[in-house]
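Student: Sharing upload-v7.csv below, CSV, C-alpha atoms:
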chain,number,residue,atom,x,y,z
O,281,MET,CA,-7.5,-20.9,-4.3
O,282,THR,CA,-6.0,-18.1,-2.2
O,283,ASN,CA,-8.1,-15.0,-2.2
O,284,VAL,CA,-6.3,-11.6,-1.7
O,285,ALA,CA,-7.7,-8.1,-1.1
O,286,VAL,CA,-5.8,-5.3,-2.7
O,287,ILE,CA,-6.4,-1.7,-1.6
O,288,LEU,CA,-5.7,1.1,-4.1
O,289,SER,CA,-5.5,4.8,-3.5
O,290,GLY,CA,-6.4,6.3,-6.8
O,291,CYS,CA,-4.5,6.4,-10.1
O,292,GLY,CA,-1.1,8.1,-10.6
O,293,TYR,CA,1.9,8.2,-8.4
O,294,LEU,CA,1.7,11.9,-7.4
O,295,ASP,CA,-1.9,11.8,-6.2
O,296,GLY,CA,-3.0,8.2,-6.2
O,297,ALA,CA,-1.8,4.6,-6.5
O,298,GLU,CA,1.6,4.1,-8.3
O,299,VAL,CA,0.4,2.4,-11.4
O,300,PHE,CA,3.4,0.2,-12.0
O,301,GLU,CA,3.4,-1.0,-8.3
O,302,ALA,CA,-0.3,-1.8,-8.6
O,303,VAL,CA,0.0,-3.7,-11.8
O,304,LEU,CA,3.2,-5.6,-10.7
O,305,SER,CA,1.4,-6.6,-7.5
O,306,LEU,CA,-1.6,-8.0,-9.4
O,307,LEU,CA,0.7,-9.7,-11.9
O,308,ALA,CA,2.7,-11.4,-9.1
O,309,LEU,CA,-0.5,-12.6,-7.6
O,310,GLU,CA,-1.8,-14.1,-10.9
O,311,ARG,CA,1.5,-15.8,-11.5
O,312,ARG,CA,1.1,-17.6,-8.2
O,313,GLY,CA,-2.4,-18.6,-9.1
O,314,ALA,CA,-4.0,-16.4,-6.5
O,315,LYS,CA,-7.4,-14.7,-6.9
O,316,TYR,CA,-7.8,-11.0,-6.0
O,317,GLN,CA,-10.3,-8.3,-5.6
O,318,CYS,CA,-9.4,-4.6,-5.6
O,319,PHE,CA,-10.9,-2.0,-3.3
O,320,ALA,CA,-10.5,1.8,-2.8
O,321,PRO,CA,-12.1,4.4,-0.6
O,322,ASP,CA,-15.2,6.1,-2.2
O,323,LYS,CA,-14.2,9.7,-1.4
O,324,PRO,CA,-12.6,12.7,-2.9
O,325,GLN,CA,-8.8,12.5,-3.3
O,326,MET,CA,-6.7,15.0,-1.5
O,327,HIS,CA,-5.9,16.9,-4.7
O,328,VAL,CA,-5.3,16.4,-8.4
O,329,VAL,CA,-1.7,16.6,-9.8
O,330,ASN,CA,-0.8,17.2,-13.4
O,331,HIS,CA,1.6,14.3,-14.0
O,332,VAL,CA,3.3,16.1,-16.9
O,333,THR,CA,4.1,19.3,-15.0
O,334,GLY,CA,4.0,17.9,-11.4
O,335,GLN,CA,1.8,20.8,-10.4
O,336,VAL,CA,-1.4,20.7,-8.4
O,337,VAL,CA,-4.4,21.5,-10.5
O,338,GLU,CA,-6.3,24.1,-8.6
O,339,GLY,CA,-10.0,23.6,-8.3
O,340,ALA,CA,-9.9,20.1,-9.8
O,341,GLY,CA,-11.5,17.2,-8.0
O,342,ARG,CA,-11.5,13.4,-8.5
O,343,ASN,CA,-12.8,10.4,-6.6
O,344,VAL,CA,-10.4,7.8,-5.3
O,345,LEU,CA,-12.6,4.8,-6.1
O,346,GLU,CA,-13.3,6.0,-9.7
O,347,GLU,CA,-9.7,6.8,-10.4
O,348,ALA,CA,-8.5,3.4,-9.0
O,349,GLY,CA,-11.0,1.8,-11.3
O,350,ARG,CA,-8.9,3.0,-14.3
O,351,ILE,CA,-6.1,0.7,-13.3
O,352,VAL,CA,-8.2,-2.5,-13.0
O,353,ARG,CA,-10.6,-1.9,-15.9
O,354,GLY,CA,-13.5,-1.0,-13.6
O,355,LYS,CA,-13.3,-4.2,-11.5
O,356,ILE,CA,-13.2,-2.5,-8.1
O,357,LYS,CA,-15.4,-2.2,-5.1
O,358,PRO,CA,-15.7,0.5,-2.4
O,359,LEU,CA,-13.5,-0.1,0.6
O,360,SER,CA,-16.6,0.0,2.9
O,361,VAL,CA,-17.6,-3.5,1.8
O,362,LEU,CA,-14.2,-5.1,2.4
O,363,LYS,CA,-14.3,-7.6,5.2
O,364,ALA,CA,-11.1,-9.5,6.2
O,365,ALA,CA,-13.2,-12.6,6.9
O,366,ASP,CA,-13.8,-12.9,3.2
O,367,PHE,CA,-10.1,-13.0,2.2
O,368,ASP,CA,-6.9,-14.8,3.1
O,369,ALA,CA,-4.5,-11.9,2.8
O,370,LEU,CA,-4.0,-8.2,1.9
O,371,VAL,CA,-1.7,-6.2,-0.4
O,372,VAL,CA,-1.4,-2.4,-0.4
O,373,PRO,CA,0.5,-0.8,-3.3
O,374,GLY,CA,2.1,2.6,-2.8
O,375,GLY,CA,2.2,5.9,-4.6
O,376,TYR,CA,1.6,9.2,-2.9
O,377,GLY,CA,-2.1,8.4,-2.8
O,378,ALA,CA,-1.2,6.0,0.0
O,379,ALA,CA,0.1,8.9,2.0
O,380,LYS,CA,-2.6,11.4,0.9
O,381,ASN,CA,-5.8,9.4,0.4
O,382,LEU,CA,-5.4,6.4,2.7
O,383,CYS,CA,-3.8,8.5,5.4
O,384,ASP,CA,-2.5,12.1,5.7
O,385,PHE,CA,1.2,11.2,6.2
O,386,ALA,CA,2.2,13.4,3.3
O,387,VAL,CA,1.0,16.5,5.1
O,388,LYS,CA,1.2,15.6,8.8
O,389,GLY,CA,4.2,13.3,9.1
O,390,SER,CA,4.4,11.6,12.5
O,391,ALA,CA,1.1,13.2,13.5
O,392,MET,CA,-0.7,11.5,10.7
O,393,GLN,CA,-4.0,9.8,10.9
O,394,VAL,CA,-5.2,6.8,8.9
O,395,ASP,CA,-8.5,7.2,7.1
O,396,PRO,CA,-11.1,5.5,9.4
O,397,GLU,CA,-12.4,3.1,6.8
O,398,VAL,CA,-8.8,2.2,5.8
O,399,LEU,CA,-7.9,1.7,9.4
O,400,ARG,CA,-10.9,-0.5,10.0
O,401,ALA,CA,-10.2,-2.7,7.0
O,402,THR,CA,-6.5,-3.1,7.5
O,403,ARG,CA,-6.8,-3.7,11.3
O,404,GLU,CA,-9.2,-6.5,10.6
O,405,PHE,CA,-6.5,-8.4,8.7
O,406,ALA,CA,-4.0,-7.6,11.5
O,407,GLN,CA,-6.4,-8.7,14.3
O,408,GLU,CA,-7.3,-11.9,12.5
O,409,GLY,CA,-3.6,-12.8,11.9
O,410,LYS,CA,-3.9,-12.7,8.2
O,411,PRO,CA,-0.8,-11.8,6.2
O,412,ALA,CA,-0.3,-8.5,4.5
O,413,GLY,CA,2.2,-6.7,2.2
O,414,TYR,CA,2.7,-3.0,2.1
O,415,VAL,CA,4.6,-1.4,-0.8
O,416,CYS,CA,6.6,1.8,-1.2
O,417,ILE,CA,5.3,4.5,1.2
O,418,ALA,CA,2.3,2.5,2.3
O,419,PRO,CA,4.3,1.1,5.3
O,420,ALA,CA,3.9,4.6,6.8
O,421,MET,CA,0.6,3.3,8.1
O,422,ILE,CA,2.0,0.1,9.7
O,423,ALA,CA,2.6,1.3,13.2
O,424,ALA,CA,-0.9,2.8,13.4
O,425,ILE,CA,-2.3,-0.6,12.2
O,426,TYR,CA,-0.1,-3.1,13.9
O,427,GLY,CA,1.2,-1.2,16.9
O,428,LYS,CA,4.5,-0.1,18.1
O,429,GLY,CA,7.6,-2.2,17.4
O,430,THR,CA,6.3,-3.5,14.1
O,431,THR,CA,9.2,-4.0,11.7
O,432,CYS,CA,9.0,-2.4,8.2
O,433,THR,CA,10.9,-0.6,5.5
O,434,ILE,CA,10.5,2.3,3.1
O,435,GLY,CA,14.0,1.7,1.7
O,436,THR,CA,17.0,3.8,2.8
O,437,ASP,CA,15.7,7.4,3.2
O,438,SER,CA,16.9,8.3,6.7
O,439,ASP,CA,14.5,11.2,7.2
O,440,THR,CA,11.4,9.3,6.3
O,441,ALA,CA,12.6,6.3,8.3
O,442,ALA,CA,13.1,8.6,11.4
O,443,VAL,CA,9.5,9.7,11.1
O,444,LEU,CA,8.2,6.1,10.9
O,445,GLU,CA,10.3,5.3,14.1
O,446,ALA,CA,8.8,8.4,15.8
O,447,MET,CA,5.4,6.8,15.2
O,448,GLY,CA,6.6,3.6,16.8
O,449,ALA,CA,7.7,1.4,13.9
O,450,ARG,CA,11.0,-0.4,13.8
O,451,HIS,CA,12.6,0.6,10.4
O,452,GLU,CA,15.2,-1.5,8.6
O,453,ASN,CA,17.0,-0.3,5.6
O,454,CYS,CA,16.4,-2.4,2.5
O,455,PRO,CA,17.5,-2.4,-1.2
O,456,VAL,CA,14.9,-2.1,-3.9
O,457,GLU,CA,15.0,-5.8,-4.7
O,458,GLY,CA,14.6,-6.8,-1.0
O,459,VAL,CA,11.8,-7.1,1.5
O,460,VAL,CA,11.6,-6.7,5.3
O,461,VAL,CA,9.5,-9.2,7.2
O,462,ASP,CA,7.8,-9.0,10.6
O,463,GLU,CA,7.2,-12.7,11.2
O,464,ALA,CA,5.3,-12.3,14.4
O,465,ARG,CA,2.7,-10.0,12.8
O,466,LYS,CA,2.8,-11.6,9.3
O,467,VAL,CA,3.5,-8.2,7.6
O,468,VAL,CA,6.0,-7.6,4.9
O,469,SER,CA,7.2,-4.5,3.1
O,470,THR,CA,9.4,-3.5,0.2
O,471,PRO,CA,10.7,-0.1,-1.1
O,472,ALA,CA,9.6,-0.3,-4.7
O,473,TYR,CA,9.5,3.3,-6.1
O,474,MET,CA,11.0,4.7,-3.0
O,475,LEU,CA,14.1,3.5,-4.7
O,476,ALA,CA,13.2,2.1,-8.1
O,477,HIS,CA,13.9,3.9,-11.3
O,478,SER,CA,11.9,1.5,-13.6
O,479,PRO,CA,9.3,-1.3,-13.5
O,480,LEU,CA,12.2,-3.8,-13.7
O,481,ASP,CA,13.7,-2.3,-10.6
O,482,ALA,CA,10.5,-2.5,-8.7
O,483,GLU,CA,9.4,-6.0,-9.9
O,484,LYS,CA,11.8,-8.1,-7.9
O,485,GLY,CA,10.9,-6.7,-4.5
O,486,ILE,CA,7.2,-6.6,-5.2
O,487,THR,CA,7.3,-10.3,-6.4
O,488,ARG,CA,9.2,-11.3,-3.3
O,489,LEU,CA,6.6,-9.4,-1.1
O,490,VAL,CA,3.7,-11.2,-2.8
O,491,ASN,CA,5.4,-14.5,-2.6
O,492,GLN,CA,6.0,-14.0,1.2
O,493,VAL,CA,2.3,-13.1,1.7
O,494,LEU,CA,1.1,-16.2,-0.2
O,495,ASP,CA,3.7,-18.5,1.5
O,496,TRP,CA,2.3,-17.4,4.8
O,497,VAL,CA,-1.2,-18.3,3.6
O,498,ARG,CA,0.0,-21.7,2.5
Any chance you could give the structure as structure tokens?
Tutor:
Amino acid sequence: MTNVAVILSGCGYLDGAEVFEAVLSLLALERRGAKYQCFAPDKPQMHVVNHVTGQVVEGAGRNVLEEAGRIVRGKIKPLSVLKAADFDALVVPGGYGAAKNLCDFAVKGSAMQVDPEVLRATREFAQEGKPAGYVCIAPAMIAAIYGKGTTCTIGTDSDTAAVLEAMGARHENCPVEGVVVDEARKVVSTPAYMLAHSPLDAEKGITRLVNQVLDWVR
């Protein structure tokens, strides 16, 4: 049975993992008969956002691992124990947490840095030639992980695409139901909620991404 690692970045699209993207990714993996284990960094998240008002809650603090555990009923492990050697593939759902907790793209743009533990884990998959899928804004990390010239997408937002290209990625516009594939590096990306307005919008692209990842394993 194919064994897939999934990296989450908290819980809630404004300050953590996008819940629909995470659940749709896990559902697509289960539908293909794959086994998965979720991981998250054991560290404070960048900030806490009230998802009703959209405002940052001053003085509030939450832990990325503990928050991500809400999505998967507590079945999660700290990212520090993730080893690519134990898995066949990797999936990274989006949400602003990917740009705030897995890296600092949300505040530093093209000068962003990937969290050291995230970079170690994701680069292991890249270096071992194991397939990976990056969803929504998570592809902002792809150039740092895979090197310059890696093909990816965040959808059709020209400003964000320009920042990714400034970091060395090769961006391709993509509709919400589509995926962009870098065959040489075995990495695939899809826009999801960069363009989606509902879970139904996001589902097709996420399912295609998961299917591509699993097809590479096979």
Student: Looking at all atoms listed in the file, which of O:Ala314, O:Val328, O:Ile417, O:Leu294 is the one that sits closest to Pro373 of chain O?
Tutor: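 Between O:Ala314, O:Val328, O:Ile417, O:Leu294, the residue approaching Pro373 of chain O most closely is O:Ile417.
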Student: Using all atoms listed in the file, which protein or nucleic acid residues come within 6 Å of Ala364 of chain O? Drop anything in the same chain fewer than 2 positions from it, and give the result as a PyMOL selection string.
Tutor: chain O and resi 366-367+404-405
Student: Check the smallest atom-to-atom distance from each of O:Gly427, O:Pro479, O:Gly435, O:Pro419 to Gly374 of chain O using all atoms listed in the file, then report the winner.
Tutor: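 With all atoms listed in the file as the atom set, the closest residue is O:Pro419.
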Student: For the atom pair atom CA of Glu452 of chain O and atom CA of Lys484 of chain O, what is the interatomic distance in Å to one decimal place?
Tutor: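 Interatomic distance, atom CA of Glu452 of chain O to atom CA of Lys484 of chain O: 18.1 Å.
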Student: Between O:Pro411, O:Gly377, O:Gly389, O:Gly354, which has the minimum distance to Pro324 of chain O (counting only C-alpha atoms)?
Tutor: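 For Pro324 of chain O, the nearest of the candidates is O:Gly377.
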Student: Counting all atoms listed in the file, which residue out of O:Val387, O:Cys291, O:Thr440, O:Leu307 sits closest to Ile351 of chain O?
Tutor: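 Distance minimum relative to Ile351 of chain O lands on O:Cys291.
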Student: Name the residues in contact with Asp462 of chain O at a cut-off of 8 Å, using only C-alpha atoms, excluding same-chain residues fewer than 2 positions from it; report them as a list in words.
Tutor: Thr430, Thr431, Cys432, Val460, Ala464, Arg465, Lys466, Val467 and Val468 of chain O
Student: Determine the nearest neighbour of Glu346 of chain O from the options O:Phe319, O:Leu362, O:Gly429, O:Glu301, counting only C-alpha atoms.
Tutor: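 Answer, going by the shortest atom-to-atom distance: O:Phe319.
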Student: Report as a PyMOL selection string all protein, DNA and RNA residues lying within 12 Å of Ser478 of chain O, evaluated on all atoms listed in the file, omitting residues in the same chain fewer than 3 positions from it.
Tutor: chain O and resi 298-301+304+456-457+472-475+481-484
Student: Within 9 Å of segment 489-494 of chain O, which residues of segment 299-405 of chain O show up? Give each one with its shortest atom-to-atom distance in Å (one decimal) and the two atoms involved, counting only C-alpha atoms, rows by chain then rising residue number, as CSV.
Tutor:
residue,atom,partner,partner_atom,distance
O:Ser305,CA,O:Val490,CA,7.0
O:Ala308,CA,O:Val490,CA,6.4
O:Leu309,CA,O:Val490,CA,6.5
O:Arg312,CA,O:Asn491,CA,7.7
O:Ala314,CA,O:Leu494,CA,8.1
O:Asp368,CA,O:Leu494,CA,8.8
O:Ala369,CA,O:Val493,CA,7.0
O:Leu370,CA,O:Val493,CA,8.0
O:Val371,CA,O:Val490,CA,7.7
Student: Using all atoms listed in the file, find the one residue out of O:Gly448, O:Gly375, O:Ile425, O:Ala442 that sits nearest to Gln407 of chain O.
Tutor: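 Using all atoms listed in the file, the shortest distance to Gln407 of chain O belongs to O:Ile425.
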Student: Within 10 Å of (-3.7, 9.2, -3.5) in the file's own coordinates, which protein, DNA or RNA residues have an atom, counting all atoms listed in the file? List them as a ChimeraX atom specification.
Tutor: /O:288-298,324-329,343-344,347-348,374-384,386
Student: Could you pull out every residue with an atom within 10 Å of (14.7, 6.7, 5.0), file coordinates, counting only C-alpha atoms, and send them as a PDB file with C-alpha atoms, keeping the file's coordinate frame?
Tutor:
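What landed in point-v8.pdb:
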ATOM      1  CA  THR O 433      10.900  -0.600   5.500  1.00  0.00           C
ATOM      2  CA  ILE O 434      10.500   2.300   3.100  1.00  0.00           C
ATOM      3  CA  GLY O 435      14.000   1.700   1.700  1.00  0.00           C
ATOM      4  CA  THR O 436      17.000   3.800   2.800  1.00  0.00           C
ATOM      5  CA  ASP O 437      15.700   7.400   3.200  1.00  0.00           C
ATOM      6  CA  SER O 438      16.900   8.300   6.700  1.00  0.00           C
ATOM      7  CA  ASP O 439      14.500  11.200   7.200  1.00  0.00           C
ATOM      8  CA  THR O 440      11.400   9.300   6.300  1.00  0.00           C
ATOM      9  CA  ALA O 441      12.600   6.300   8.300  1.00  0.00           C
ATOM     10  CA  ALA O 442      13.100   8.600  11.400  1.00  0.00           C
ATOM     11  CA  VAL O 443       9.500   9.700  11.100  1.00  0.00           C
ATOM     12  CA  LEU O 444       8.200   6.100  10.900  1.00  0.00           C
ATOM     13  CA  HIS O 451      12.600   0.600  10.400  1.00  0.00           C
ATOM     14  CA  GLU O 452      15.200  -1.500   8.600  1.00  0.00           C
ATOM     15  CA  ASN O 453      17.000  -0.300   5.600  1.00  0.00           C
ATOM     16  CA  CYS O 454      16.400  -2.400   2.500  1.00  0.00           C
ATOM     17  CA  PRO O 471      10.700  -0.100  -1.100  1.00  0.00           C
ATOM     18  CA  MET O 474      11.000   4.700  -3.000  1.00  0.00           C
TER      19      MET O 474
END
Student: Record the distance separating atom CA of Ile356 of chain O and atom CA of Ala320 of chain O, expressed in Å with one decimal.
Tutor: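 We find that atom CA of Ile356 of chain O and atom CA of Ala320 of chain O lie 7.3 Å from each other.
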Student: Take atom CA of Arg350 of chain O and atom CA of Cys318 of chain O and report the distance between them in Å, one decimal.
Tutor: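 Separating atom CA of Arg350 of chain O from atom CA of Cys318 of chain O is a distance of 11.6 Å.
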Student: Quick one: residues within 8 Å of Val372 of chain O, only C-alpha atoms, excluding same-chain residues fewer than 2 positions away - as JSON, numbers by chain?
Tutor: {"O": [286, 287, 288, 370, 374, 412, 413, 414, 415, 418]}
